[in-house]
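The file my_file.pdb comes next; it holds PDB, C-alpha atoms.
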```pdb
ATOM      1  CA  MET F   1       4.405 -10.134  17.674
ATOM      2  CA  LEU F   2       0.832  -8.976  17.226
ATOM      3  CA  GLN F   3      -1.830  -8.615  19.887
ATOM      4  CA  PHE F   4      -5.387  -9.677  19.148
ATOM      5  CA  ARG F   5      -8.165  -7.971  21.121
ATOM      6  CA  LEU F   6     -11.496  -9.706  20.760
ATOM      7  CA  ILE F   7     -15.055  -9.089  21.895
ATOM      8  CA  VAL F   8     -16.692 -12.501  21.817
ATOM      9  CA  PRO F   9     -20.372 -13.374  22.324
ATOM     10  CA  ALA F  10     -20.656 -15.720  25.298
ATOM     11  CA  ASP F  11     -21.896 -18.615  23.166
ATOM     12  CA  LEU F  12     -18.720 -18.448  21.043
ATOM     13  CA  THR F  13     -16.177 -18.067  23.851
ATOM     14  CA  ASP F  14     -15.293 -21.746  24.112
ATOM     15  CA  GLU F  15     -14.891 -22.129  20.341
ATOM     16  CA  VAL F  16     -12.707 -19.027  20.082
ATOM     17  CA  ALA F  17     -10.562 -20.131  23.021
ATOM     18  CA  GLU F  18     -10.113 -23.565  21.465
ATOM     19  CA  LEU F  19      -9.155 -22.014  18.126
ATOM     20  CA  ILE F  20      -6.536 -19.776  19.732
ATOM     21  CA  THR F  21      -5.018 -22.489  21.917
ATOM     22  CA  SER F  22      -4.767 -24.824  18.922
ATOM     23  CA  THR F  23      -3.020 -22.168  16.785
ATOM     24  CA  VAL F  24       0.731 -22.691  16.683
ATOM     25  CA  GLY F  25       2.272 -19.297  17.349
ATOM     26  CA  ALA F  26      -0.463 -17.967  19.655
ATOM     27  CA  THR F  27       0.124 -17.425  23.377
ATOM     28  CA  HIS F  28      -0.779 -15.294  26.410
ATOM     29  CA  LEU F  29      -4.519 -15.937  26.121
ATOM     30  CA  THR F  30      -6.571 -13.911  28.602
ATOM     31  CA  LEU F  31     -10.317 -13.910  29.250
ATOM     32  CA  LEU F  32     -12.511 -11.405  31.071
ATOM     33  CA  LYS F  33     -16.040 -12.771  31.342
ATOM     34  CA  GLY F  34     -18.756 -10.219  30.590
ATOM     35  CA  ALA F  35     -16.277  -7.314  30.365
ATOM     36  CA  ALA F  36     -17.618  -6.003  27.055
ATOM     37  CA  LEU F  37     -20.767  -3.869  27.108
ATOM     38  CA  ASP F  38     -21.147  -2.771  23.478
ATOM     39  CA  PRO F  39     -21.442  -5.279  21.973
ATOM     40  CA  VAL F  40     -22.163  -7.445  24.970
ATOM     41  CA  GLY F  41     -19.703 -10.285  25.381
ATOM     42  CA  ASP F  42     -16.442 -11.511  26.819
ATOM     43  CA  LEU F  43     -13.135  -9.729  26.306
ATOM     44  CA  MET F  44     -10.266 -11.911  25.124
ATOM     45  CA  THR F  45      -6.698 -11.035  24.224
ATOM     46  CA  CYS F  46      -3.772 -13.064  22.967
ATOM     47  CA  ASP F  47      -0.347 -12.523  21.453
ATOM     48  CA  VAL F  48       0.281 -14.062  18.044
ATOM     49  CA  ALA F  49       3.430 -14.438  15.980
ATOM     50  CA  ARG F  50       3.034 -12.454  12.771
ATOM     51  CA  GLU F  51       3.424 -15.572  10.641
ATOM     52  CA  ALA F  52       0.492 -17.232  12.448
ATOM     53  CA  ALA F  53      -1.846 -14.242  12.325
ATOM     54  CA  ASP F  54      -3.457 -14.660   8.912
ATOM     55  CA  PRO F  55      -4.804 -18.210   9.437
ATOM     56  CA  LEU F  56      -6.049 -17.247  12.917
ATOM     57  CA  LEU F  57      -7.843 -14.241  11.439
ATOM     58  CA  ALA F  58      -9.454 -16.502   8.851
ATOM     59  CA  GLY F  59     -10.601 -18.878  11.590
ATOM     60  CA  LEU F  60     -12.088 -16.078  13.697
ATOM     61  CA  ARG F  61     -13.941 -14.679  10.716
ATOM     62  CA  GLY F  62     -15.169 -18.173   9.924
ATOM     63  CA  LEU F  63     -16.787 -18.275  13.381
ATOM     64  CA  GLY F  64     -18.671 -15.080  12.579
ATOM     65  CA  LEU F  65     -16.791 -12.964  15.092
ATOM     66  CA  GLU F  66     -16.429 -10.127  12.587
ATOM     67  CA  GLU F  67     -20.228  -9.810  12.414
ATOM     68  CA  ARG F  68     -21.131 -10.407  16.049
ATOM     69  CA  GLY F  69     -18.187  -9.011  17.973
ATOM     70  CA  LEU F  70     -14.798  -7.399  17.376
ATOM     71  CA  ILE F  71     -11.420  -8.381  15.986
ATOM     72  CA  ALA F  72      -8.728  -5.748  16.591
ATOM     73  CA  VAL F  73      -5.052  -6.346  15.835
ATOM     74  CA  ASP F  74      -2.201  -4.189  17.136
ATOM     75  CA  SER F  75       1.551  -4.450  16.724
ATOM     76  CA  VAL F  76       3.567  -5.278  19.841
ATOM     77  CA  ASP F  77       6.849  -3.368  19.712
ATOM     78  CA  MET F  78       8.397  -5.224  22.634
ATOM     79  CA  SER F  79       7.408  -8.459  24.358
ATOM     80  CA  LEU F  80       9.693  -9.815  27.085
ATOM     81  CA  SER F  81       8.475 -13.348  27.544
ATOM     82  CA  ARG F  82       9.890 -16.803  26.990
ATOM     83  CA  ARG F  83       6.474 -17.915  25.736
ATOM     84  CA  SER F  84       6.580 -15.176  23.090
ATOM     85  CA  GLU F  85       9.960 -16.422  21.928
ATOM     86  CA  ASP F  86       8.651 -19.989  21.822
ATOM     87  CA  ALA F  87       5.561 -18.926  19.889
ATOM     88  CA  GLU F  88       7.619 -17.116  17.246
ATOM     89  CA  ARG F  89      10.009 -20.061  16.988
ATOM     90  CA  ASP F  90       7.222 -22.640  16.641
ATOM     91  CA  ALA F  91       5.143 -20.669  14.135
ATOM     92  CA  PRO F  92       5.780 -21.814  10.545
ATOM     93  CA  GLY F  93       7.730 -19.485   8.277
ATOM     94  CA  GLU F  94       9.313 -16.134   9.003
ATOM     95  CA  GLY F  95       7.454 -13.085  10.296
ATOM     96  CA  ALA F  96       9.053 -10.784   7.722
ATOM     97  CA  ASP F  97       7.646 -12.944   4.912
ATOM     98  CA  ALA F  98       4.115 -13.162   6.311
ATOM     99  CA  VAL F  99       1.357 -11.167   4.630
ATOM    100  CA  LEU F 100      -1.722 -10.136   6.594
ATOM    101  CA  TRP F 101      -4.207  -9.886   3.761
ATOM    102  CA  ASP F 102      -6.969  -8.332   5.840
ATOM    103  CA  SER F 103      -4.524  -5.715   7.104
ATOM    104  CA  MET F 104      -3.324  -5.028   3.552
ATOM    105  CA  ALA F 105      -6.906  -4.614   2.359
ATOM    106  CA  GLU F 106      -7.749  -2.211   5.185
ATOM    107  CA  LEU F 107      -4.547  -0.195   4.747
ATOM    108  CA  THR F 108      -4.843   0.155   0.984
ATOM    109  CA  GLU F 109      -8.564   0.914   1.182
ATOM    110  CA  GLU F 110      -7.830   3.789   3.535
ATOM    111  CA  GLU F 111      -4.977   5.073   1.372
ATOM    112  CA  SER F 112      -6.927   4.775  -1.876
ATOM    113  CA  THR F 113     -10.087   6.599  -0.892
ATOM    114  CA  LEU F 114     -10.827   9.742  -2.906
ATOM    115  CA  THR F 115     -10.776  12.351  -0.150
ATOM    116  CA  VAL F 116     -10.140  16.075  -0.015
ATOM    117  CA  THR F 117      -6.811  15.391   1.701
ATOM    118  CA  TYR F 118      -5.744  12.950  -1.025
ATOM    119  CA  LEU F 119      -6.667  15.438  -3.764
ATOM    120  CA  ALA F 120      -4.876  18.229  -1.914
ATOM    121  CA  PHE F 121      -1.639  16.245  -1.593
ATOM    122  CA  LEU F 122      -1.718  15.137  -5.232
ATOM    123  CA  SER F 123      -2.548  18.646  -6.488
ATOM    124  CA  VAL F 124       0.169  20.304  -4.400
ATOM    125  CA  ALA F 125       2.689  17.685  -5.545
ATOM    126  CA  THR F 126       1.742  18.272  -9.191
ATOM    127  CA  MET F 127       1.971  22.057  -8.845
ATOM    128  CA  LEU F 128       5.345  21.698  -7.131
ATOM    129  CA  ALA F 129       6.517  19.499 -10.016
ATOM    130  CA  ALA F 130       5.281  22.134 -12.481
ATOM    131  CA  TYR F 131       7.484  24.700 -10.773
ATOM    132  CA  GLY F 132      10.344  22.209 -10.965
ATOM    133  CA  VAL F 133       9.844  21.877 -14.721
ATOM    134  CA  MET F 134       9.691  25.621 -15.313
ATOM    135  CA  LEU F 135      12.787  26.270 -13.200
ATOM    136  CA  ASP F 136      14.494  23.085 -14.483
ATOM    137  CA  SER F 137      15.066  22.115 -10.863
ATOM    138  CA  SER F 138      15.679  18.439 -10.127
ATOM    139  CA  ILE F 139      15.400  19.214  -6.398
ATOM    140  CA  LEU F 140      11.828  20.436  -6.792
ATOM    141  CA  ILE F 141      10.995  17.423  -8.952
ATOM    142  CA  VAL F 142      12.266  15.034  -6.271
ATOM    143  CA  GLY F 143      10.331  16.934  -3.622
ATOM    144  CA  ALA F 144       7.139  16.696  -5.654
ATOM    145  CA  MET F 145       7.638  12.963  -6.151
ATOM    146  CA  ALA F 146       8.021  12.481  -2.395
ATOM    147  CA  VAL F 147       4.807  14.399  -1.652
ATOM    148  CA  GLY F 148       2.627  12.519  -4.154
ATOM    149  CA  PRO F 149       0.210   9.998  -2.547
ATOM    150  CA  GLU F 150      -0.487   7.967  -5.682
ATOM    151  CA  PHE F 151       1.137   4.725  -4.517
ATOM    152  CA  GLY F 152      -1.816   4.054  -2.175
ATOM    153  CA  PRO F 153      -4.350   3.577  -4.995
ATOM    154  CA  LEU F 154      -1.815   1.604  -7.039
ATOM    155  CA  ALA F 155      -1.277  -0.780  -4.117
ATOM    156  CA  GLY F 156      -5.043  -0.931  -3.662
ATOM    157  CA  ILE F 157      -5.525  -2.119  -7.244
ATOM    158  CA  CYS F 158      -2.884  -4.831  -6.799
ATOM    159  CA  THR F 159      -4.281  -6.001  -3.463
ATOM    160  CA  GLY F 160      -7.868  -5.965  -4.685
ATOM    161  CA  LEU F 161      -6.974  -8.084  -7.727
ATOM    162  CA  VAL F 162      -5.082 -10.660  -5.645
ATOM    163  CA  ILE F 163      -7.729 -11.079  -2.930
ATOM    164  CA  ARG F 164     -10.572 -10.605  -5.436
ATOM    165  CA  ARG F 165     -12.226  -7.546  -3.945
ATOM    166  CA  LYS F 166     -13.802  -5.705  -6.861
ATOM    167  CA  ARG F 167     -14.871  -2.837  -4.636
ATOM    168  CA  LEU F 168     -11.290  -2.118  -3.593
ATOM    169  CA  VAL F 169     -10.100  -2.221  -7.215
ATOM    170  CA  ALA F 170     -12.881   0.130  -8.322
ATOM    171  CA  ARG F 171     -12.278   2.555  -5.452
ATOM    172  CA  SER F 172      -8.537   2.625  -6.094
ATOM    173  CA  ALA F 173      -8.950   3.121  -9.839
ATOM    174  CA  LYS F 174     -11.384   5.966  -9.213
ATOM    175  CA  ALA F 175      -8.967   7.686  -6.826
ATOM    176  CA  LEU F 176      -6.157   7.302  -9.345
ATOM    177  CA  VAL F 177      -8.018   8.541 -12.433
ATOM    178  CA  VAL F 178     -10.069  11.305 -10.814
ATOM    179  CA  GLY F 179      -7.124  12.364  -8.677
ATOM    180  CA  PHE F 180      -4.714  12.820 -11.579
ATOM    181  CA  LEU F 181      -7.314  14.533 -13.766
ATOM    182  CA  ALA F 182      -8.208  16.964 -10.968
ATOM    183  CA  ALA F 183      -4.536  17.602 -10.143
ATOM    184  CA  MET F 184      -3.749  18.326 -13.797
ATOM    185  CA  LEU F 185      -6.692  20.709 -14.143
ATOM    186  CA  ILE F 186      -5.686  22.555 -10.983
ATOM    187  CA  THR F 187      -2.069  22.679 -12.141
ATOM    188  CA  GLY F 188      -3.165  24.078 -15.514
ATOM    189  CA  ALA F 189      -5.117  26.818 -13.746
ATOM    190  CA  PHE F 190      -2.139  27.410 -11.441
ATOM    191  CA  ALA F 191       0.166  27.798 -14.443
ATOM    192  CA  ALA F 192      -2.235  30.216 -16.129
ATOM    193  CA  LEU F 193      -2.397  32.319 -12.964
ATOM    194  CA  LEU F 194       1.391  32.453 -12.621
ATOM    195  CA  ASP F 195       1.673  33.268 -16.319
ATOM    196  CA  LEU F 196      -0.686  36.194 -15.715
ATOM    197  CA  PHE F 197       1.593  37.486 -12.957
ATOM    198  CA  GLY F 198       4.710  37.019 -15.075
ATOM    199  CA  LEU F 199       6.177  34.151 -13.053
ATOM    200  CA  PHE F 200       5.643  31.601 -15.848
ATOM    201  CA  SER F 201       5.930  32.231 -19.595
ATOM    202  CA  ARG F 202       5.844  30.312 -22.865
ATOM    203  CA  SER F 203       9.491  31.129 -23.531
ATOM    204  CA  GLN F 204      10.419  29.782 -20.111
ATOM    205  CA  PHE F 205       8.577  26.543 -20.857
ATOM    206  CA  GLU F 206      10.044  26.139 -24.360
ATOM    207  CA  ARG F 207      13.659  26.788 -23.441
ATOM    208  CA  PRO F 208      15.942  23.731 -22.953
ATOM    209  CA  HIS F 209      15.456  21.867 -19.662
ATOM    210  CA  PRO F 210      18.423  19.479 -19.438
ATOM    211  CA  ALA F 211      17.700  18.499 -15.832
ATOM    212  CA  THR F 212      14.020  17.656 -16.343
ATOM    213  CA  GLN F 213      13.539  16.791 -20.019
ATOM    214  CA  PHE F 214      13.529  13.069 -19.110
ATOM    215  CA  ILE F 215       9.970  13.608 -17.815
ATOM    216  CA  TRP F 216       8.463  13.763 -21.301
ATOM    217  CA  GLN F 217      11.023  11.547 -23.025
ATOM    218  CA  PRO F 218      10.213   8.048 -21.735
ATOM    219  CA  THR F 219      12.462   5.099 -22.535
ATOM    220  CA  ALA F 220      12.518   1.418 -21.689
ATOM    221  CA  ASP F 221      14.398   2.429 -18.542
ATOM    222  CA  SER F 222      11.266   4.223 -17.312
ATOM    223  CA  PHE F 223       9.313   0.967 -17.333
ATOM    224  CA  VAL F 224      12.124  -1.030 -15.691
ATOM    225  CA  VAL F 225      12.455   1.537 -12.887
ATOM    226  CA  ALA F 226       8.683   1.460 -12.382
ATOM    227  CA  LEU F 227       8.809  -2.345 -12.106
ATOM    228  CA  LEU F 228      11.522  -2.178  -9.457
ATOM    229  CA  ALA F 229       9.662   0.559  -7.589
ATOM    230  CA  GLY F 230       6.478  -1.506  -7.637
ATOM    231  CA  ILE F 231       8.267  -4.484  -6.110
ATOM    232  CA  ALA F 232       9.904  -2.362  -3.404
ATOM    233  CA  GLY F 233       6.670  -0.524  -2.618
ATOM    234  CA  VAL F 234       4.585  -3.652  -2.142
ATOM    235  CA  LEU F 235       7.303  -5.324  -0.068
ATOM    236  CA  SER F 236       7.443  -2.264   2.185
ATOM    237  CA  LEU F 237       3.684  -2.513   2.796
ATOM    238  CA  THR F 238       3.499  -6.263   3.356
ATOM    239  CA  SER F 239       6.499  -6.273   5.693
ATOM    240  CA  ALA F 240       5.330  -3.161   7.604
ATOM    241  CA  LYS F 241       8.530  -1.318   6.609
ATOM    242  CA  SER F 242       6.834   1.881   5.426
ATOM    243  CA  GLY F 243      10.073   3.869   5.477
ATOM    244  CA  ALA F 244      10.971   2.365   2.098
ATOM    245  CA  LEU F 245       7.959   4.065   0.507
ATOM    246  CA  VAL F 246       9.803   7.375   0.377
ATOM    247  CA  GLY F 247      12.457   5.803  -1.816
ATOM    248  CA  VAL F 248       9.742   4.304  -4.005
ATOM    249  CA  ALA F 249       8.019   7.669  -4.384
ATOM    250  CA  ILE F 250      11.147   9.478  -5.582
ATOM    251  CA  SER F 251      12.086   6.805  -8.107
ATOM    252  CA  VAL F 252       9.065   7.071 -10.418
ATOM    253  CA  THR F 253       7.930  10.031 -12.497
ATOM    254  CA  THR F 254       4.150   9.793 -12.231
ATOM    255  CA  VAL F 255       3.560  13.207 -10.632
ATOM    256  CA  PRO F 256       6.175  15.068 -12.749
ATOM    257  CA  ALA F 257       4.714  13.534 -15.917
ATOM    258  CA  ALA F 258       1.227  14.724 -14.967
ATOM    259  CA  ALA F 259       2.601  18.193 -14.192
ATOM    260  CA  ASN F 260       4.470  18.439 -17.483
ATOM    261  CA  ALA F 261       1.380  17.277 -19.371
ATOM    262  CA  ALA F 262      -0.672  20.028 -17.715
ATOM    263  CA  LEU F 263       1.942  22.658 -18.629
ATOM    264  CA  ALA F 264       2.262  21.348 -22.171
ATOM    265  CA  LEU F 265      -1.518  21.540 -22.600
ATOM    266  CA  SER F 266      -1.458  25.128 -21.360
ATOM    267  CA  TYR F 267       1.149  26.086 -23.952
ATOM    268  CA  SER F 268      -0.177  23.795 -26.737
ATOM    269  CA  SER F 269       3.023  21.749 -26.905
ATOM    270  CA  TRP F 270       1.393  18.563 -28.202
ATOM    271  CA  HIS F 271       4.533  16.475 -28.555
ATOM    272  CA  GLU F 272       5.291  17.048 -24.868
ATOM    273  CA  VAL F 273       1.684  16.235 -23.966
ATOM    274  CA  LEU F 274       2.003  12.869 -25.703
ATOM    275  CA  GLY F 275       5.446  12.198 -24.254
ATOM    276  CA  SER F 276       4.322  13.040 -20.732
ATOM    277  CA  ALA F 277       1.162  10.935 -21.083
ATOM    278  CA  TRP F 278       3.230   7.994 -22.294
ATOM    279  CA  GLN F 279       5.647   8.441 -19.385
ATOM    280  CA  LEU F 280       2.740   8.476 -16.923
ATOM    281  CA  ALA F 281       1.157   5.386 -18.491
ATOM    282  CA  LEU F 282       4.469   3.461 -18.467
ATOM    283  CA  ASN F 283       5.065   4.226 -14.809
ATOM    284  CA  LEU F 284       1.539   3.345 -13.693
ATOM    285  CA  ALA F 285       1.510   0.117 -15.713
ATOM    286  CA  GLY F 286       4.949  -0.911 -14.453
ATOM    287  CA  ILE F 287       4.070  -0.346 -10.801
ATOM    288  CA  VAL F 288       0.772  -2.237 -11.054
ATOM    289  CA  ALA F 289       2.322  -5.145 -12.958
ATOM    290  CA  ALA F 290       5.228  -5.490 -10.536
ATOM    291  CA  GLY F 291       3.047  -5.018  -7.466
ATOM    292  CA  LEU F 292       0.568  -7.637  -8.629
ATOM    293  CA  LEU F 293       3.310 -10.131  -9.458
ATOM    294  CA  THR F 294       5.024  -9.504  -6.099
ATOM    295  CA  LEU F 295       1.839 -10.179  -4.140
ATOM    296  CA  LEU F 296       1.126 -13.346  -6.120
ATOM    297  CA  VAL F 297       4.659 -14.623  -5.511
ATOM    298  CA  GLN F 298       4.400 -13.791  -1.802
ATOM    299  CA  LYS F 299       1.088 -15.615  -1.603
ATOM    300  CA  TRP F 300       2.536 -18.677  -3.314
ATOM    301  CA  VAL F 301       5.749 -18.695  -1.254
ATOM    302  CA  TRP F 302       3.842 -18.307   2.005
ATOM    303  CA  HIS F 303       1.443 -21.115   1.033
ATOM    304  CA  ARG F 304       4.390 -23.388   0.254
ATOM    305  CA  GLN F 305       6.069 -22.548   3.559
ATOM    306  CA  ARG F 306       2.928 -23.410   5.500
ATOM    307  CA  GLU F 307       2.488 -26.665   3.587
ATOM    308  CA  ARG F 308       6.098 -27.616   4.286
ATOM    309  CA  ALA F 309       5.755 -26.771   7.980
ATOM    310  CA  ALA F 310       2.521 -28.765   8.258
ATOM    311  CA  SER F 311       4.142 -31.736   6.538
ATOM    312  CA  THR F 312       7.143 -31.572   8.884
ATOM    313  CA  SER F 313       4.878 -31.322  11.935
ATOM    314  CA  ALA F 314       2.788 -34.285  10.790
ATOM    315  CA  SER F 315       5.851 -36.460  10.165
ATOM    316  CA  MET F 316       7.331 -35.614  13.579
ATOM    317  CA  SER F 317       4.076 -36.390  15.415
ATOM    318  CA  SER F 318       3.789 -39.758  13.657
ATOM    319  CA  ARG F 319       7.152 -40.931  14.984
TER     320      ARG F 319
END
```
Before we go any further, please render this structure as structure tokens.
Amino acid sequence: MLQFRLIVPADLTDEVAELITSTVGATHLTLLKGAALDPVGDLMTCDVAREAADPLLAGLRGLGLEERGLIAVDSVDMSLSRRSEDAERDAPGEGADAVLWDSMAELTEEESTLTVTYLAFLSVATMLAAYGVMLDSSILIVGAMAVGPEFGPLAGICTGLVIRRKRLVARSAKALVVGFLAAMLITGAFAALLDLFGLFSRSQFERPHPATQFIWQPTADSFVVALLAGIAGVLSLTSAKSGALVGVAISVTTVPAAANAALALSYSSWHEVLGSAWQLALNLAGIVAAGLLTLLVQKWVWHRQRERAASTSASMSSR
């Protein structure tokens, strides 16, 4: 269940109340007249089955509540109520399949903003991967992949394309491009510094790395894995199962490829630069393609489920 908290201008209260009561899957409507002071209005709350939330959000925005009041949505971890059970049963579709597009847009916009924290995480992850390459340590490579925050911008691009928000696509692409370029530059400087102190060396970079050479030797498998990771990553976001993102992060070699490219540039190993760049491009393209396709399929499936439920409801009411 989700809880909607609304600040409603007095002249819209009746319309909002009617919209909520007519929404299948909404229950526990409360109203406190004049309780809101900034902005001035009435305070309303209701519980909504996840699968009924997106159309209700669209209706509230259609009334102009986003501009004149407040729409806040929180997850309800536990709701002991027969009416809650009835609301979830009556709402069309399954909650796990429902996509809250406004929530996805807000989440991905936050995760895909080019901030100091984002750059710090991506730079640290890339430097950690560089150490993993030099030491030929698969453990360090996995750790670096888990730290990297690059899936946020990738999901932002997919979401922005599906819901047609150019600003979200542009912001996500900027975070991705600028972030990786900055992380690679910082990693190159980091490698030069460690080389100066004798911790890194050209001979160490050029020696065989059986555990990590896959980073700059992409194959068709790299693209297939990226496709699967893109599907899993988007599903974890749309179903609010963020724990799966860790598995997604450690299955693609975006950060290690960027790190190896930075090292290869430092030591003028051009074949590894090209191989690493190709690995990075394959992974990014695979994740975006799979994420975009997954969102489009989810949108289509959810639309079909709602159409089927509406058709069933109409046929039952006509009997």
List the spatial neighbours of Glu206 of chain F as a short mmCIF file (atom, residue, chain, number, x, y, z; two decimals) with C-alpha atoms, in the coordinates of the input - criterion: any atom at most 12 Å away, all atoms listed in the file, same-chain residues fewer than 6 positions off excluded.
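Saved file out_20.cif follows:
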```cif
data_model
loop_
_atom_site.label_atom_id
_atom_site.label_comp_id
_atom_site.auth_asym_id
_atom_site.auth_seq_id
_atom_site.Cartn_x
_atom_site.Cartn_y
_atom_site.Cartn_z
CA VAL F 133 9.84 21.88 -14.72
CA MET F 134 9.69 25.62 -15.31
CA LEU F 135 12.79 26.27 -13.20
CA ASP F 136 14.49 23.08 -14.48
CA PHE F 200 5.64 31.60 -15.85
CA GLN F 213 13.54 16.79 -20.02
CA ASN F 260 4.47 18.44 -17.48
CA LEU F 263 1.94 22.66 -18.63
CA ALA F 264 2.26 21.35 -22.17
CA SER F 266 -1.46 25.13 -21.36
CA TYR F 267 1.15 26.09 -23.95
CA SER F 268 -0.18 23.80 -26.74
CA SER F 269 3.02 21.75 -26.90
CA HIS F 271 4.53 16.48 -28.56
CA GLU F 272 5.29 17.05 -24.87
#
```
Atom pair atom CA of Met127 of chain F / atom CA of Gly275 of chain F: separation (Å): 18.6 Å
Which of F:Ala91, F:Ala211, F:Met145, F:Ile157 sits closest to Val252 of chain F [using only C-alpha atoms]: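 Nearest candidate to Val252 of chain F out of F:Ala91, F:Ala211, F:Met145, F:Ile157: F:Met145.
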Residues within 12 Å of Arg165 of chain F, please, as a list of chain:residue names. Count only C-alpha atoms; anything in the same chain fewer than 4 positions from it doesn't count.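 After dropping sequence-adjacent residues, the list is F:Trp101, F:Asp102, F:Met104, F:Ala105, F:Glu106, F:Thr108, F:Glu109, F:Gly156, F:Ile157, F:Cys158, F:Thr159, F:Gly160, F:Leu161, F:Val169, F:Ala170, F:Arg171, F:Ser172.
Here the question is which of F:Leu119, F:Ile71, F:Ile7, F:Leu80 gets nearest to Val177 of chain F using only C-alpha atoms, and that residue is F:Leu119.
When the distance limit is 9 Å and all atoms listed in the file are what count, the residues near segment 291-295 of chain F, minus those fewer than 4 positions from it on the same chain, are F:Val99, F:Leu154, F:Ala155, F:Ile157, F:Cys158, F:Thr159, F:Leu161, F:Val162, F:Leu227, F:Ala229, F:Gly230, F:Ile231, F:Ala232, F:Gly233, F:Val234, F:Leu235, F:Thr238, F:Gly286, F:Ile287, F:Lys299, F:Trp300.
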Selected residue, from F:Val48, F:Gly143, F:Asp11, F:Glu18, that lies nearest to Lys33 of chain F when counting all atoms listed in the file: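 Distance minimum relative to Lys33 of chain F lands on F:Asp11.
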Could you check the closest approach to Ala52 of chain F for each of F:Ala257, F:Val40, F:Trp302, F:Leu228 and tell me which residue wins, using all atoms listed in the file? F:Trp302
Expressed in Å to a single decimal, how great is the separation between atom CA of Ala173 of chain F and atom CA of Ala277 of chain F?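 Here the two named atoms are 17.0 Å from each other.
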Given the choices F:Tyr131, F:Phe190, F:Phe151, F:Trp278, which gets closest to Trp216 of chain F if the distance is worked out from only C-alpha atoms?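 Closest candidate: F:Trp278.
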Per-axis box centre and lengths in Å around segment 157-174 of chain F, 6 Å margin per side, axis-aligned, as lines of an AutoDock Vina configuration file:
```
center_x = -8.9
center_y = -2.6
center_z = -6.4
size_x = 24.0
size_y = 29.0
size_z = 18.9
```
So, with only C-alpha atoms as the atoms that count, which of F:Ala35, F:His28, F:Val273, F:Val8 lies closest to Glu67 of chain F?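 So, comparing all the options, the nearest one is F:Val8.
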Given the PyMOL selection byres ((chain F and resi 24) around 9) and the file above, list the residues it selects as a PyMOL selection string. chain F and resi 20-23+25-27+48-49+52+87-88+90-92
List the spatial neighbours of Asp42 of chain F as a PDB file with C-alpha atoms, keeping the file's coordinate frame - criterion: any atom at most 12 Å away, all atoms listed in the file, same-chain residues fewer than 4 positions off excluded.
```
ATOM      1  CA  ARG F   5      -8.165  -7.971  21.121  1.00  0.00           C
ATOM      2  CA  LEU F   6     -11.496  -9.706  20.760  1.00  0.00           C
ATOM      3  CA  ILE F   7     -15.055  -9.089  21.895  1.00  0.00           C
ATOM      4  CA  VAL F   8     -16.692 -12.501  21.817  1.00  0.00           C
ATOM      5  CA  PRO F   9     -20.372 -13.374  22.324  1.00  0.00           C
ATOM      6  CA  ALA F  10     -20.656 -15.720  25.298  1.00  0.00           C
ATOM      7  CA  ASP F  11     -21.896 -18.615  23.166  1.00  0.00           C
ATOM      8  CA  LEU F  12     -18.720 -18.448  21.043  1.00  0.00           C
ATOM      9  CA  THR F  13     -16.177 -18.067  23.851  1.00  0.00           C
ATOM     10  CA  ASP F  14     -15.293 -21.746  24.112  1.00  0.00           C
ATOM     11  CA  VAL F  16     -12.707 -19.027  20.082  1.00  0.00           C
ATOM     12  CA  ALA F  17     -10.562 -20.131  23.021  1.00  0.00           C
ATOM     13  CA  THR F  30      -6.571 -13.911  28.602  1.00  0.00           C
ATOM     14  CA  LEU F  31     -10.317 -13.910  29.250  1.00  0.00           C
ATOM     15  CA  LEU F  32     -12.511 -11.405  31.071  1.00  0.00           C
ATOM     16  CA  LYS F  33     -16.040 -12.771  31.342  1.00  0.00           C
ATOM     17  CA  GLY F  34     -18.756 -10.219  30.590  1.00  0.00           C
ATOM     18  CA  ALA F  35     -16.277  -7.314  30.365  1.00  0.00           C
ATOM     19  CA  ALA F  36     -17.618  -6.003  27.055  1.00  0.00           C
ATOM     20  CA  LEU F  37     -20.767  -3.869  27.108  1.00  0.00           C
ATOM     21  CA  ASP F  38     -21.147  -2.771  23.478  1.00  0.00           C
ATOM     22  CA  LEU F  65     -16.791 -12.964  15.092  1.00  0.00           C
ATOM     23  CA  ARG F  68     -21.131 -10.407  16.049  1.00  0.00           C
ATOM     24  CA  GLY F  69     -18.187  -9.011  17.973  1.00  0.00           C
ATOM     25  CA  LEU F  70     -14.798  -7.399  17.376  1.00  0.00           C
TER      26      LEU F  70
END
```
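You will find atom CA of Leu29 of chain F at 5.7 Å from atom CA of Thr45 of chain F.
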Run the PyMOL selection byres ((chain F and resi 125) around 7) against the file shown and list the residues it catches, as a compact mmCIF listing (two decimals) with C-alpha atoms, keeping the file's coordinate frame.
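Result file selection08.txt:
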```txt
# COMPACT_ATOMS: atom_id res chain seq x y z
CA PHE F 121 -1.64 16.24 -1.59
CA LEU F 122 -1.72 15.14 -5.23
CA SER F 123 -2.55 18.65 -6.49
CA VAL F 124 0.17 20.30 -4.40
CA THR F 126 1.74 18.27 -9.19
CA MET F 127 1.97 22.06 -8.85
CA LEU F 128 5.34 21.70 -7.13
CA ALA F 129 6.52 19.50 -10.02
CA ALA F 144 7.14 16.70 -5.65
CA MET F 145 7.64 12.96 -6.15
CA VAL F 147 4.81 14.40 -1.65
CA GLY F 148 2.63 12.52 -4.15
CA VAL F 255 3.56 13.21 -10.63
```
I'd like to see the residues matched by the PyMOL selection byres ((chain F and resi 223) around 12) on this file, and ideally I'd get them as a ChimeraX atom specification. /F:218-222,224-230,251-254,278-290
